[in-house]
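Below is one structure; the comments refer to it alone.
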Amino acid sequence: MKEDNQDKSIDLNNSSAIQQNAVDLLRKEDFDFALKAIAKGKIGFDSMLENLKIYQAELEIQNEELRHSQLIAETSARRFSSLFASLPLPALVINSVGVVLECNEQAERQFSLQSNKLRSHFLPSLVHKKEHARLLYLIEQTKDLGQAMIDKVTLLDIDKQIFIADIHAALWPNYSDKFNHQLIITIVDQSEITAQQTKLEESQRHFMAYFNAAPMGMAATTTKKKWLEVNDKLCFMLGFSCAELLKMTWQDITHPDDLGLELGLFSQVIAGFSEGYQLDKRFFRKDGSILDAHVAVSCLYKPSGEIDYLITIIEDISARKHNFSLVTGGL
């Protein structure tokens, strides 16, 4: 019956059609029709054999291409695995819901978990609860854009020890299933830097508390002689508001008879021949009166060695000079 159906679908007088149909059926592993066609003499065995050889050659080419593609994929996988394992940063491969599929040794150390424990771990359980929304955002952004990052994330190791890190994520480039994304996660521990920043901010707060509460005038000035910061005591001593002083330079309110000496000392500092100076000088107050002051100037430097700004401490010595004048005038 099957033979009859096949015969009706082709021209039995057309040997080329019979031969082509037989070859097509052989490729589909339907041998009955081809063998019966040969037996009946409707197609030649030599011709069929030649076609089979051609077909076999085509299959070999396809197999070679597949083997080559597989070799490339295996080589790429080995390279990735080697790179992944040797990364100097903690690295994870997670799926789209946050389950850890793979990890490197740095990640094991960071989270204090062996690889067999870290694999299949739920990444959000290693992230502080307050950061879960940010982690979800990271995953969604990575799926949409191919890569994303969030900074200063609070993470926890298995002992609940907190550390701060930046998390970078990238979509696995060779993973084609768009419904089951895999993401490569790298973690940059920022705990030490964050601790240093916190310490610096604390020091700055302490300094500003002292700066604002100091019993003498204090200011930060630029290498162009402009006031950068002034404390309340200095404003009170000079009679200017903070906003008014910040629009001026210290040269603007220095008595002209004292300016030449200070400019010479200041030039030595700017040229790098000294790190500061001290002198007695006179300022003009806002009301035009004179403030006798002792001024001590010192430099703060950038890491490059350039002057960042200058700290100036200004002490009111008007009473001292007045008392000295009374004593010396009485002699």
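Identifiers in this document derive from the order of the structure tokens: chains are assigned A, B, ..., residues are numbered from 1 separately in each chain, and ligands are numbered from 1 in order of occurrence.
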message = Just list as JSON, numbers by chain whatever in range 128-331 of chain A DSSP marks as helix (DSSP H, G or I).
response = {"A": [129, 130, 131, 132, 133, 134, 135, 136, 137, 138, 139, 140, 141, 142, 143, 144, 145, 191, 192, 193, 194, 195, 196, 197, 198, 199, 200, 201, 202, 203, 204, 205, 206, 207, 208, 209, 210, 211, 212, 213, 232, 233, 234, 235, 236, 237, 238, 242, 243, 244, 245, 246, 250, 251, 252, 253, 256, 257, 258, 259, 260, 261, 262, 263, 264, 265, 266, 267, 268, 269, 270, 318, 319, 320, 321, 322, 323, 324, 325, 326, 327, 328, 329]}
query = What are the DSSP strand (DSSP E or B) residues of range 181-295 of chain A, as a PyMOL selection string?
reply = chain A and resi 182-189+217-221+226-230+249+254+276-284+290-295
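When the distance limit is 8 Å and only C-alpha atoms are what count, the residues near Phe284 in chain A, minus those fewer than 2 positions from it on the same chain, are Leu238, Ile253, Thr254, His255, Arg282, Lys286, Asp287, Gly288, Ser289, Ile290 and Leu291 of chain A.
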Spatial neighbours of Arg134 in chain A, 9 Å, only C-alpha atoms, chain gap at least 4 places, as a PDB file with C-alpha atoms, in the first residue's frame:
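In the end it all went to part_34.pdb:
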```pdb
ATOM      1  CA  LYS A 130      17.271  47.024  52.725  1.00  0.00           C
ATOM      2  CA  LEU A 138      20.309  45.331  38.975  1.00  0.00           C
ATOM      3  CA  ILE A 139      19.033  42.019  37.610  1.00  0.00           C
ATOM      4  CA  ILE A 150      24.974  49.269  41.874  1.00  0.00           C
ATOM      5  CA  VAL A 153      25.725  47.670  48.647  1.00  0.00           C
TER       6      VAL A 153
END
```
request  = Identify, on the basis of only C-alpha atoms, every residue whose closest approach to Ser191 in chain A does not exceed 8 Å; exclude the query and any residue fewer than 4 positions from it along the same chain; express the result as a PyMOL selection string.
outcome  = chain A and resi 163-165+195
query = Mind pulling up the distance from CA of Lys226 in chain A to CA of Asp292 in chain A?
reply =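 Taking CA of Asp292 in chain A as the start and CA of Lys226 in chain A as the end point, the length is 20.3 Å.
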Counting only C-alpha atoms, what are the residues of range 130-243 of chain A within 10 Å of range 263-271 of chain A, and for each of them which pair of atoms is the nearest and at what distance in Å, to one decimal? Sort the table by chain and rising number, as a tab-separated table.
```
residue	atom	partner	partner_atom	distance
A:Thr223	CA	A:Ile270	CA	7.0
A:Lys224	CA	A:Ile270	CA	9.7
A:Lys225	CA	A:Phe266	CA	9.2
```
Store the residues picked out above, limited to C-alpha atoms, as a PDB file, in the first residue's frame.
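Resulting contents of result_22.pdb:
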```pdb
ATOM      1  CA  THR A 223      46.665  80.572  46.762  1.00  0.00           C
ATOM      2  CA  LYS A 224      44.915  83.582  45.181  1.00  0.00           C
ATOM      3  CA  LYS A 225      44.371  85.100  48.667  1.00  0.00           C
TER       4      LYS A 225
END
```
request  = Kindly give the distance, in Å, that separates CA of Ser298 in chain A and CA of Glu229 in chain A, rounded to a single decimal.
outcome  =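 Going from CA of Ser298 in chain A over to CA of Glu229 in chain A, I get 14.7 Å.
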request  = Give me, please, the distance in Å between CA of Leu310 in chain A and CA of Thr222 in chain A, quoted to one decimal.
outcome  = 6.2 Å
task = Would you kindly return, as a list in words, each protein, DNA or RNA residue with an atom no farther than 12 Å from any atom of Ser241 in chain A, considering only C-alpha atoms and excluding same-chain residues fewer than 3 positions away?
result =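 Non-adjacent residues within range: Glu229, Val230, Asn231, Asp232, Lys233, Leu234, Cys235, Phe236, Met237, Leu238, Glu244, Leu245, Leu246, Lys247, Met248, Arg285 and Lys286 of chain A.
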Deliver the residues from the most recent selection as a file, using N, CA and C atoms, as a PDB file, in the first residue's frame.
```pdb
ATOM      1  N   GLU A 229      36.785  79.549  53.651  1.00  0.00           N
ATOM      2  CA  GLU A 229      35.952  79.284  54.825  1.00  0.00           C
ATOM      3  C   GLU A 229      36.370  80.261  55.911  1.00  0.00           C
ATOM      4  N   VAL A 230      35.417  80.766  56.624  1.00  0.00           N
ATOM      5  CA  VAL A 230      35.711  81.638  57.777  1.00  0.00           C
ATOM      6  C   VAL A 230      34.809  81.213  58.927  1.00  0.00           C
ATOM      7  N   ASN A 231      35.317  81.290  60.148  1.00  0.00           N
ATOM      8  CA  ASN A 231      34.467  80.912  61.274  1.00  0.00           C
ATOM      9  C   ASN A 231      33.755  82.142  61.858  1.00  0.00           C
ATOM     10  N   ASP A 232      32.824  81.855  62.755  1.00  0.00           N
ATOM     11  CA  ASP A 232      32.014  82.931  63.324  1.00  0.00           C
ATOM     12  C   ASP A 232      32.866  83.934  64.090  1.00  0.00           C
ATOM     13  N   LYS A 233      33.905  83.446  64.767  1.00  0.00           N
ATOM     14  CA  LYS A 233      34.759  84.329  65.561  1.00  0.00           C
ATOM     15  C   LYS A 233      35.446  85.356  64.677  1.00  0.00           C
ATOM     16  N   LEU A 234      35.930  84.947  63.523  1.00  0.00           N
ATOM     17  CA  LEU A 234      36.596  85.883  62.612  1.00  0.00           C
ATOM     18  C   LEU A 234      35.610  86.925  62.094  1.00  0.00           C
ATOM     19  N   CYS A 235      34.406  86.480  61.755  1.00  0.00           N
ATOM     20  CA  CYS A 235      33.375  87.434  61.304  1.00  0.00           C
ATOM     21  C   CYS A 235      33.100  88.470  62.389  1.00  0.00           C
ATOM     22  N   PHE A 236      33.013  88.016  63.633  1.00  0.00           N
ATOM     23  CA  PHE A 236      32.767  88.923  64.759  1.00  0.00           C
ATOM     24  C   PHE A 236      33.935  89.892  64.933  1.00  0.00           C
ATOM     25  N   MET A 237      35.164  89.394  64.818  1.00  0.00           N
ATOM     26  CA  MET A 237      36.349  90.238  64.991  1.00  0.00           C
ATOM     27  C   MET A 237      36.434  91.328  63.931  1.00  0.00           C
ATOM     28  N   LEU A 238      36.066  90.982  62.684  1.00  0.00           N
ATOM     29  CA  LEU A 238      36.209  91.921  61.574  1.00  0.00           C
ATOM     30  C   LEU A 238      34.928  92.708  61.292  1.00  0.00           C
ATOM     31  N   GLU A 244      29.976  88.237  53.079  1.00  0.00           N
ATOM     32  CA  GLU A 244      30.762  89.406  52.668  1.00  0.00           C
ATOM     33  C   GLU A 244      32.250  89.058  52.571  1.00  0.00           C
ATOM     34  N   LEU A 245      32.761  88.334  53.552  1.00  0.00           N
ATOM     35  CA  LEU A 245      34.183  87.982  53.538  1.00  0.00           C
ATOM     36  C   LEU A 245      34.531  87.062  52.368  1.00  0.00           C
ATOM     37  N   LEU A 246      33.615  86.140  52.053  1.00  0.00           N
ATOM     38  CA  LEU A 246      33.900  85.185  50.979  1.00  0.00           C
ATOM     39  C   LEU A 246      33.981  85.848  49.601  1.00  0.00           C
ATOM     40  N   LYS A 247      33.524  87.084  49.507  1.00  0.00           N
ATOM     41  CA  LYS A 247      33.623  87.830  48.246  1.00  0.00           C
ATOM     42  C   LYS A 247      34.931  88.623  48.169  1.00  0.00           C
ATOM     43  N   MET A 248      35.717  88.606  49.247  1.00  0.00           N
ATOM     44  CA  MET A 248      36.932  89.415  49.318  1.00  0.00           C
ATOM     45  C   MET A 248      38.181  88.533  49.317  1.00  0.00           C
ATOM     46  N   ARG A 285      38.497  96.763  59.902  1.00  0.00           N
ATOM     47  CA  ARG A 285      37.158  96.237  60.171  1.00  0.00           C
ATOM     48  C   ARG A 285      36.161  96.881  59.213  1.00  0.00           C
ATOM     49  N   LYS A 286      34.936  96.351  59.203  1.00  0.00           N
ATOM     50  CA  LYS A 286      33.896  96.885  58.320  1.00  0.00           C
ATOM     51  C   LYS A 286      33.576  98.333  58.647  1.00  0.00           C
TER      52      LYS A 286
END
```
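Across A:Ile162, A:Leu66, A:Ala170, A:Leu123, the tightest approach to Thr142 in chain A is made by A:Ala170 when counting only C-alpha atoms.
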Distance query range 115-117 of chain A at most 10 Å, only C-alpha atoms, self and fewer than 3 positions along chain excluded, as a compact mmCIF listing (two decimals) with N, CA and C atoms, in the first residue's frame:
```txt
# COMPACT_ATOMS: atom_id res chain seq x y z
N VAL A 100 22.62 31.08 42.88
CA VAL A 100 24.01 30.98 42.47
C VAL A 100 24.24 29.64 41.77
N LEU A 101 24.73 29.70 40.54
CA LEU A 101 25.00 28.50 39.76
C LEU A 101 26.48 28.13 39.78
N GLU A 102 27.34 29.16 39.90
CA GLU A 102 28.78 28.92 39.88
C GLU A 102 29.46 30.03 40.69
N CYS A 103 30.66 29.74 41.21
CA CYS A 103 31.39 30.72 42.00
C CYS A 103 32.88 30.46 41.87
N ASN A 104 33.70 31.49 42.11
CA ASN A 104 35.14 31.27 42.12
C ASN A 104 35.66 31.28 43.56
N GLU A 105 36.96 31.03 43.71
CA GLU A 105 37.54 30.90 45.05
C GLU A 105 37.44 32.22 45.83
N ALA A 107 35.09 34.35 45.73
CA ALA A 107 33.72 34.44 46.26
C ALA A 107 33.56 33.54 47.48
N GLU A 108 34.16 32.35 47.43
CA GLU A 108 34.11 31.45 48.59
C GLU A 108 34.70 32.13 49.81
N ARG A 109 35.88 32.77 49.63
CA ARG A 109 36.52 33.44 50.76
C ARG A 109 35.71 34.64 51.24
N SER A 112 32.72 33.33 53.05
CA SER A 112 33.05 32.28 54.04
C SER A 112 32.22 31.02 53.81
N SER A 120 23.96 27.05 44.51
CA SER A 120 22.54 26.84 44.87
C SER A 120 22.09 27.76 46.01
N HIS A 121 23.02 28.62 46.49
CA HIS A 121 22.63 29.60 47.50
C HIS A 121 21.81 30.69 46.83
```
